[in-house]
Each structure stands twice: as structure tokens, then as C-alpha cells.
>>> print(open('entry.csv').read())   # CSV, C-alpha atoms
chain,number,residue,atom,x,y,z
D,1,MET,CA,-5.4,5.9,-46.1
D,2,THR,CA,-3.5,8.2,-43.8
D,3,GLN,CA,-0.4,7.3,-41.9
D,4,ALA,CA,-2.1,7.8,-38.5
D,5,ARG,CA,-4.9,5.4,-39.6
D,6,TYR,CA,-2.4,2.9,-40.8
D,7,ARG,CA,-0.5,3.0,-37.5
D,8,ASP,CA,-3.6,2.4,-35.5
D,9,LEU,CA,-4.5,-0.6,-37.6
D,10,VAL,CA,-1.1,-2.3,-37.4
D,11,GLU,CA,-0.2,-1.3,-33.8
D,12,TRP,CA,-1.3,-4.6,-32.2
D,13,PRO,CA,-0.2,-6.9,-35.0
D,14,LEU,CA,3.3,-5.3,-34.9
D,15,MET,CA,3.3,-5.8,-31.1
D,16,ALA,CA,2.4,-9.5,-31.5
D,17,THR,CA,5.2,-9.8,-34.2
D,18,ALA,CA,7.7,-8.3,-31.8
D,19,LEU,CA,6.7,-10.7,-29.0
D,20,ILE,CA,7.0,-13.7,-31.4
D,21,PHE,CA,10.5,-12.5,-32.4
D,22,LEU,CA,11.5,-12.1,-28.7
D,23,THR,CA,10.3,-15.6,-27.9
D,24,ALA,CA,12.1,-17.2,-30.8
D,25,TYR,CA,15.3,-15.3,-30.2
D,26,ALA,CA,15.3,-16.0,-26.4
D,27,TRP,CA,14.6,-19.7,-27.0
D,28,GLN,CA,17.5,-19.9,-29.4
D,29,VAL,CA,20.0,-18.0,-27.2
D,30,ILE,CA,19.1,-19.5,-23.8
D,31,GLY,CA,18.7,-23.0,-25.2
D,32,ARG,CA,21.9,-22.7,-27.2
D,33,VAL,CA,20.2,-24.0,-30.3
D,34,ASP,CA,22.7,-24.4,-33.2
D,35,GLY,CA,22.9,-26.2,-36.5
D,36,ALA,CA,19.8,-27.7,-38.1
D,37,ALA,CA,17.8,-27.3,-34.9
D,38,ALA,CA,18.1,-23.5,-35.2
D,39,LEU,CA,16.6,-23.4,-38.7
D,40,PRO,CA,13.0,-22.9,-37.6
D,41,PHE,CA,14.0,-20.1,-35.3
D,42,GLU,CA,16.0,-18.4,-38.0
D,43,ILE,CA,13.0,-18.6,-40.4
D,44,ILE,CA,10.8,-17.0,-37.7
D,45,LEU,CA,13.4,-14.3,-37.2
D,46,TRP,CA,13.6,-13.5,-40.9
D,47,ILE,CA,9.9,-13.5,-41.3
D,48,THR,CA,9.5,-10.9,-38.5
D,49,TRP,CA,12.3,-8.9,-40.2
D,50,GLY,CA,10.3,-8.9,-43.4
D,51,ILE,CA,7.2,-7.7,-41.5
D,52,PHE,CA,9.1,-4.8,-40.0
D,53,ALA,CA,10.6,-3.9,-43.4
D,54,VAL,CA,7.2,-3.8,-45.0
D,55,ASP,CA,5.9,-1.7,-42.1
D,56,TYR,CA,8.8,0.8,-42.5
D,57,VAL,CA,8.2,1.1,-46.3
D,58,ALA,CA,4.5,1.6,-45.7
D,59,ASN,CA,5.1,4.4,-43.1
D,60,LEU,CA,7.5,6.1,-45.4
D,61,TRP,CA,5.1,5.9,-48.3
D,62,LEU,CA,2.1,7.2,-46.3
D,63,ALA,CA,4.0,10.0,-44.6
D,64,GLU,CA,2.9,13.5,-45.6
D,65,ASP,CA,6.5,14.8,-45.5
D,66,ARG,CA,8.5,11.8,-46.4
D,67,ARG,CA,11.9,13.5,-46.1
D,68,ARG,CA,11.1,14.8,-42.6
D,69,TRP,CA,9.7,11.4,-41.5
D,70,PHE,CA,12.8,9.7,-42.8
D,71,ILE,CA,15.1,12.0,-40.8
D,72,TRP,CA,13.1,11.8,-37.6
D,73,ASN,CA,12.7,7.9,-37.8
D,74,LEU,CA,16.3,6.8,-38.5
D,75,HIS,CA,16.0,4.3,-35.6
D,76,GLU,CA,13.3,2.5,-37.5
D,77,LEU,CA,15.6,2.3,-40.5
D,78,LEU,CA,18.3,0.7,-38.2
D,79,ILE,CA,15.7,-1.9,-37.2
D,80,VAL,CA,15.4,-2.9,-40.9
D,81,VAL,CA,19.0,-2.6,-42.2
D,82,LEU,CA,20.8,-4.2,-39.2
D,83,PRO,CA,19.4,-7.7,-39.0
D,84,PHE,CA,22.7,-9.3,-40.0
D,85,PHE,CA,24.2,-8.6,-36.6
D,86,ARG,CA,22.4,-11.0,-34.2
D,87,PRO,CA,22.4,-8.8,-31.1
D,88,LEU,CA,21.3,-5.8,-33.0
D,89,ARG,CA,18.2,-7.7,-34.1
D,90,LEU,CA,16.8,-6.9,-30.7
D,91,LEU,CA,16.4,-3.3,-31.9
D,92,ARG,CA,13.1,-4.5,-33.4
D,93,LEU,CA,11.7,-4.6,-29.9
D,94,VAL,CA,11.6,-0.8,-29.9
D,95,THR,CA,8.2,-1.4,-31.4
D,96,LEU,CA,7.0,-2.7,-28.1
D,97,LEU,CA,8.1,0.5,-26.3
D,98,SER,CA,6.4,2.7,-28.9
D,99,VAL,CA,3.1,0.7,-28.6
D,100,LEU,CA,3.4,0.9,-24.8
D,101,GLN,CA,3.9,4.7,-24.9
D,102,ARG,CA,0.7,5.2,-27.0
D,103,THR,CA,-1.5,2.8,-25.0
D,104,VAL,CA,-0.8,3.4,-21.3
D,105,GLY,CA,-2.7,5.8,-19.1
D,106,GLU,CA,-4.2,9.1,-19.9
D,107,THR,CA,-2.4,11.3,-17.4
D,108,LEU,CA,1.2,12.4,-18.0
D,109,ARG,CA,2.4,10.8,-14.7
D,110,GLY,CA,0.8,7.5,-15.5
D,111,ARG,CA,2.3,7.4,-19.0
D,112,VAL,CA,5.8,8.3,-17.6
D,113,ALA,CA,5.6,5.7,-14.9
D,114,ALA,CA,4.4,2.9,-17.2
D,115,TYR,CA,6.7,3.8,-20.0
D,116,VAL,CA,9.8,3.9,-17.6
D,117,ALA,CA,8.9,0.6,-16.0
D,118,GLY,CA,8.3,-1.0,-19.3
D,119,SER,CA,11.5,0.5,-20.8
D,120,ALA,CA,13.6,-0.6,-17.8
D,121,ALA,CA,12.3,-4.2,-17.9
D,122,MET,CA,12.6,-4.4,-21.7
D,123,LEU,CA,16.2,-3.0,-21.6
D,124,VAL,CA,17.3,-5.5,-19.0
D,125,LEU,CA,15.9,-8.4,-21.0
D,126,ILE,CA,17.3,-7.2,-24.3
D,127,GLY,CA,20.7,-6.5,-22.8
D,128,ALA,CA,20.8,-9.9,-21.1
D,129,LEU,CA,19.9,-11.8,-24.2
D,130,ALA,CA,22.3,-9.7,-26.4
D,131,VAL,CA,25.3,-10.1,-24.2
D,132,LEU,CA,24.6,-13.8,-23.6
D,133,ASP,CA,24.3,-14.4,-27.3
D,134,VAL,CA,27.8,-13.0,-28.0
D,135,GLU,CA,29.6,-14.0,-24.7
D,136,GLN,CA,28.5,-17.6,-23.9
D,137,ASN,CA,30.7,-19.2,-26.6
D,138,ALA,CA,33.6,-16.7,-26.3
D,139,PRO,CA,36.9,-17.9,-24.7
D,140,ASP,CA,37.5,-16.6,-21.2
D,141,ALA,CA,33.9,-15.5,-21.0
D,142,LYS,CA,32.5,-14.5,-17.6
D,143,ILE,CA,28.8,-14.5,-18.7
D,144,LEU,CA,27.8,-18.1,-19.4
D,145,THR,CA,24.1,-18.4,-18.3
D,146,PHE,CA,21.0,-16.3,-18.6
D,147,GLY,CA,21.0,-15.8,-14.8
D,148,ASP,CA,24.5,-14.3,-15.0
D,149,ALA,CA,23.4,-12.2,-18.0
D,150,ALA,CA,20.3,-10.9,-16.2
D,151,TRP,CA,22.4,-10.0,-13.1
D,152,TRP,CA,24.9,-8.2,-15.2
D,153,ALA,CA,22.2,-6.3,-17.1
D,154,ILE,CA,20.6,-5.1,-13.8
D,155,THR,CA,23.9,-4.0,-12.3
D,156,THR,CA,24.8,-2.2,-15.6
D,157,ILE,CA,21.5,-0.4,-16.2
D,158,THR,CA,21.5,0.9,-12.6
D,159,THR,CA,25.1,2.1,-13.1
D,160,VAL,CA,26.2,0.0,-10.1
D,161,GLY,CA,28.7,-2.2,-11.9
D,162,TYR,CA,30.1,-4.6,-9.3
D,163,GLY,CA,32.7,-5.9,-11.7
D,164,ASP,CA,32.1,-9.5,-11.0
D,165,LEU,CA,30.7,-10.1,-14.4
D,166,TYR,CA,31.7,-8.2,-17.6
D,167,PRO,CA,31.8,-8.8,-21.3
D,168,VAL,CA,35.0,-9.7,-23.0
D,169,THR,CA,34.0,-9.5,-26.7
D,170,PRO,CA,33.9,-6.2,-28.7
D,171,ILE,CA,30.2,-6.6,-29.5
D,172,GLY,CA,29.4,-7.4,-25.9
D,173,ARG,CA,31.2,-4.2,-24.8
D,174,ILE,CA,29.1,-2.3,-27.3
D,175,VAL,CA,26.0,-3.8,-25.9
D,176,ALA,CA,27.3,-2.8,-22.4
D,177,ALA,CA,27.9,0.8,-23.4
D,178,ALA,CA,24.4,1.1,-25.0
D,179,LEU,CA,22.9,-0.4,-21.8
D,180,MET,CA,24.8,2.0,-19.6
D,181,MET,CA,23.6,5.0,-21.6
D,182,SER,CA,20.1,3.7,-21.6
D,183,GLY,CA,20.2,3.2,-17.8
D,184,ILE,CA,21.3,6.8,-17.3
D,185,ALA,CA,18.4,8.0,-19.4
D,186,VAL,CA,15.9,5.8,-17.6
D,187,LEU,CA,17.1,6.9,-14.2
D,188,GLY,CA,17.0,10.5,-15.3
D,189,ILE,CA,13.4,10.2,-16.3
D,190,VAL,CA,12.6,8.5,-13.0
D,191,THR,CA,14.3,11.3,-11.1
D,192,ALA,CA,12.5,14.0,-13.1
D,193,SER,CA,9.2,12.2,-12.7
D,194,ILE,CA,9.5,12.0,-8.9
D,195,ALA,CA,10.7,15.6,-8.7
D,196,SER,CA,7.7,16.7,-10.8
D,197,TRP,CA,5.3,14.7,-8.6
D,198,LEU,CA,6.8,16.3,-5.4
D,199,VAL,CA,6.5,19.8,-6.8
D,200,GLN,CA,2.9,19.2,-7.8
D,201,ARG,CA,2.0,17.8,-4.4
D,202,ILE,CA,3.6,20.8,-2.7
D,203,GLU,CA,1.7,23.2,-5.0
D,204,GLU,CA,-1.6,21.3,-4.3
D,205,ASN,CA,-0.9,21.5,-0.5
D,206,ALA,CA,-0.1,25.2,-0.7
D,207,GLU,CA,-3.3,25.8,-2.6
D,208,GLU,CA,-5.3,23.9,0.0
D,209,VAL,CA,-3.7,25.8,2.8
D,210,ALA,CA,-4.3,29.1,1.1
D,211,ALA,CA,-8.0,28.2,0.5
D,212,ALA,CA,-8.4,27.2,4.1
D,213,VAL,CA,-6.8,30.5,5.3
D,214,GLU,CA,-9.1,32.5,3.0
D,215,ASP,CA,-12.1,30.6,4.3
D,216,LYS,CA,-11.1,31.2,7.9
D,217,ALA,CA,-10.5,34.9,7.2
D,218,ALA,CA,-13.9,35.2,5.5
D,219,ALA,CA,-15.6,33.5,8.5
D,220,ALA,CA,-13.8,35.8,10.9
D,221,GLU,CA,-14.7,38.9,8.8
D,222,GLU,CA,-18.4,38.1,8.9
D,223,PRO,CA,-19.1,39.4,12.5
D,224,VAL,CA,-16.9,42.4,11.8
D,225,ARG,CA,-18.8,43.2,8.6
D,226,ALA,CA,-22.1,42.9,10.5
D,227,GLU,CA,-20.9,45.2,13.2
D,228,LEU,CA,-19.7,47.7,10.6
D,229,ALA,CA,-23.0,47.6,8.9
D,230,ASP,CA,-24.8,48.3,12.2
D,231,LEU,CA,-22.4,51.3,12.8
D,232,VAL,CA,-23.0,52.6,9.4
D,233,ALA,CA,-26.8,52.4,9.9
D,234,GLU,CA,-26.5,54.2,13.3
D,235,ILE,CA,-24.3,56.9,11.7
D,236,ALA,CA,-26.9,57.4,8.9
D,237,ALA,CA,-29.7,57.7,11.5
D,238,LEU,CA,-27.7,60.2,13.5
D,239,ARG,CA,-27.0,62.2,10.4
D,240,LEU,CA,-30.7,62.3,9.5
D,241,GLU,CA,-31.5,63.4,13.1
D,242,VAL,CA,-28.9,66.1,13.0
D,243,ALA,CA,-30.2,67.3,9.6
D,244,GLU,CA,-33.7,67.5,11.1
D,245,LEU,CA,-32.5,69.5,14.1
D,246,ARG,CA,-30.7,71.9,11.8
D,247,LYS,CA,-33.9,72.4,9.8
D,248,SER,CA,-35.9,73.2,12.9
D,249,ALA,CA,-33.2,75.6,14.2
D,250,ASP,CA,-33.2,77.4,10.9
D,251,LEU,CA,-37.0,77.8,11.0
D,252,ARG,CA,-36.8,79.2,14.5
D,253,MET,CA,-34.1,81.7,13.5
D,254,ASN,CA,-36.2,82.9,10.5
D,255,THR,CA,-39.5,83.3,12.5
D,256,GLU,CA,-38.0,85.3,15.4
D,257,PRO,CA,-37.2,88.6,13.5
D,258,GLU,CA,-40.7,88.6,12.1
D,259,ARG,CA,-42.1,88.5,15.6
D,260,GLU,CA,-39.9,91.5,16.6
D,261,LYS,CA,-41.2,93.6,13.7
D,262,SER,CA,-44.9,93.0,14.3
D,263,PRO,CA,-46.7,95.6,16.7
D,264,GLU,CA,-47.3,94.4,20.2
D,265,PRO,CA,-50.3,95.7,22.3
D,266,ASP,CA,-49.7,97.8,25.3
D,267,GLY,CA,-50.9,96.7,28.6
D,268,SER,CA,-54.5,98.2,28.2
D,269,GLY,CA,-55.3,96.3,25.1
D,270,ASP,CA,-55.3,99.5,23.0
D,271,PHE,CA,-52.9,100.4,20.3
D,272,PRO,CA,-50.3,103.0,21.0
D,273,LEU,CA,-51.4,106.6,20.8
D,274,GLY,CA,-49.1,107.3,17.9
D,275,GLY,CA,-51.2,105.0,15.8
D,276,ARG,CA,-54.3,107.3,16.0
>>> encode(input="entry.csv", output="C-alpha cells")
Amino acid sequence: MTQARYRDLVEWPLMATALIFLTAYAWQVIGRVDGAAALPFEIILWITWGIFAVDYVANLWLAEDRRRWFIWNLHELLIVVLPFFRPLRLLRLVTLLSVLQRTVGETLRGRVAAYVAGSAAMLVLIGALAVLDVEQNAPDAKILTFGDAAWWAITTITTVGYGDLYPVTPIGRIVAAALMMSGIAVLGIVTASIASWLVQRIEENAEEVAAAVEDKAAAAEEPVRAELADLVAEIAALRLEVAELRKSADLRMNTEPEREKSPEPDGSGDFPLGGR
């Protein structure tokens, strides 16, 4: 089995696994489930970690160039080796973005729009859950509810940063820094996509205007071309007539000397006396 075939087969199961993980993690964080009540959620989270670990090993084994694949997919290694830090477990949801990128739209613009929208929504949700997880039990915390966390994530990813809510723990600040950088990247992609769309629209309009001008010019040239064709025909006819006139003139010039040389009768109808 090739790696491409394997990825096609496990694409949707991995997406379902990521959604199960997201549901369990969100329920545990938002509901503040601790102690024995959190055990089922922890089991679900570790099972999903095992699935992602198996997927990583399978991809590495099936890769044609394993060394290159390892270097270019270090983020997938992070998904596997960083489950011990609770907020970093959310890195597993990168699978959702990769599946979204491969399944949306056929056109480039459609893929960019869907990918950016999905990435922005996913980053807001991940950032809110991650910062709420580490901040809600910290002393002097400002972010205590999921609503506060979602508002903070939106203002952070859009680089607005009102300052009314902010993380106070080191891990929370790491999450904030990652969300800021991600927001800059997402906004950059949005700006580039809009600029590309505008440039394409301008080029299409310019092509339409040029085609319309060419059509009008061709339509205006038709009478001129017809008139020129008539003039050319008249000139050709005149040339032919001139040539015939020249031929007749040449024939006349050639026959007149012969008439002068031939003997002419005198007035009596007899030949001249010198001829006898």
C-alpha cells in the first residue's frame, strides 16, 4: 500500500477521531470536570492519542523518502510527543485543518476561502479552550468562563487586544503568543486572497473591454473594407481599359507607315508614268 492510498483511507476516520477528542476535551474544560469524574474523558483523550501515534508511525513507514517526510512533518511528531501538556494536546486538531484543505472546493480561491474560514474558527476555539484550561484555576485569573475565553481569543487572533482580558500564567501567555502569530498569518492570507481576487477581476474586465473594442473596430472596418474593395475593382478595370487603349494606339502607329510606303493612284486611275 502506498502512503497516498493509506491517507485517503484514514482521512475521514482521523477527522472523526479529532472531533471526538475535541468534544471530550471541551466538555472536560468547560464543565470543570475533575477527579474521578474526569477519568472517562482522560481515557478518551489517551485513546485518541494512541490513534494519532499509530497514524504517524504508519505514515513514516509508508513514506518513499522517510528522512525527508520526517523533516517536513515535524508538526505531526509534536502532535504525538506533546500529549503530556494539556493545552498542547489541542495540536492534534491540526488533522482537521489538513483534511479540510484536501476536501474543499476545486478552485484555488474556493480552497483558500474555506481553508482560511475553517482555520480562523478552529484557532479561536482551540485558543479559547487552551487558555481557559490553564487560567480558570489560577490565582488572580482574568479569564474564568468560556465566554471570556472566546472573547479573548477573538480579540487576540484579530490583533485588536483590548486588554480587558489577558492570561496571567506562563502557559497561557505561550498560548496567547501562538494565537497572535496565527492570527497574523490568517489575516495575511485573507488580504492576499482579496488582493488576488481584485487583480483577477480587473484583468477580466480589461480583457472584456479589449474584446469589445476589437469587435467595434472590426464592425467599423467592414464598410471601409467594402469601399476599398470597390475602389480596387474600379482601379483594376481602369488599368485594363488603359492597357487596351495602349494596344490600339500601338497598332495604329504600326499601320500608318505601311500606308505611306504603298503606291497611291493618281487622279485618273492610272499608275504614274514612271512605272511604265
>>> residues_around(input="entry.csv", residues="Asn73 of chain D", least_positions_apart="5", cutoff="10 Å", atoms="all atoms listed in the file", output="list in words")
Tyr56, Asn59, Leu60, Arg68 and Leu78 of chain D
>>> closest_residue(input="entry.csv", among="D:Leu39, D:Val57, D:Leu165, D:Ala121", to="Gly183 of chain D", atoms="all atoms listed in the file")
D:Ala121
>>> atom_distance(input="entry.csv", atom1="atom CA of Pro167 of chain D", atom2="atom CA of Ala185 of chain D")
21.6 Å
>>> closest_residue(input="entry.csv", among="D:Ile47, D:Leu62, D:His75, D:Val186", to="Ser119 of chain D", atoms="all atoms listed in the file")
D:Val186
>>> closest_residue(input="entry.csv", among="D:Phe70, D:Tyr6, D:Trp27, D:Trp12", to="Phe146 of chain D", atoms="all atoms listed in the file")
D:Trp27
>>> closest_residue(input="entry.csv", among="D:Ser193, D:Met253, D:Met1, D:Glu207", to="Trp61 of chain D", atoms="all atoms listed in the file")
D:Met1
>>> residues_around(input="entry.csv", residues="Asp140 of chain D", least_positions_apart="2", cutoff="9 Å", atoms="all atoms listed in the file", output="mmCIF file with C-alpha atoms, in the coordinates of the input")
data_model
loop_
_atom_site.group_PDB
_atom_site.id
_atom_site.type_symbol
_atom_site.label_atom_id
_atom_site.label_comp_id
_atom_site.auth_asym_id
_atom_site.auth_seq_id
_atom_site.Cartn_x
_atom_site.Cartn_y
_atom_site.Cartn_z
ATOM 1 C CA ALA D 138 33.600 -16.700 -26.300
ATOM 2 C CA LYS D 142 32.500 -14.500 -17.600
ATOM 3 C CA VAL D 168 35.000 -9.700 -23.000
#
>>> atom_distance(input="entry.csv", atom1="atom CA of Trp152 of chain D", atom2="atom CA of Leu132 of chain D")
10.1 Å
>>> atom_distance(input="entry.csv", atom1="atom CA of Phe41 of chain D", atom2="atom CA of Gln28 of chain D")
6.9 Å
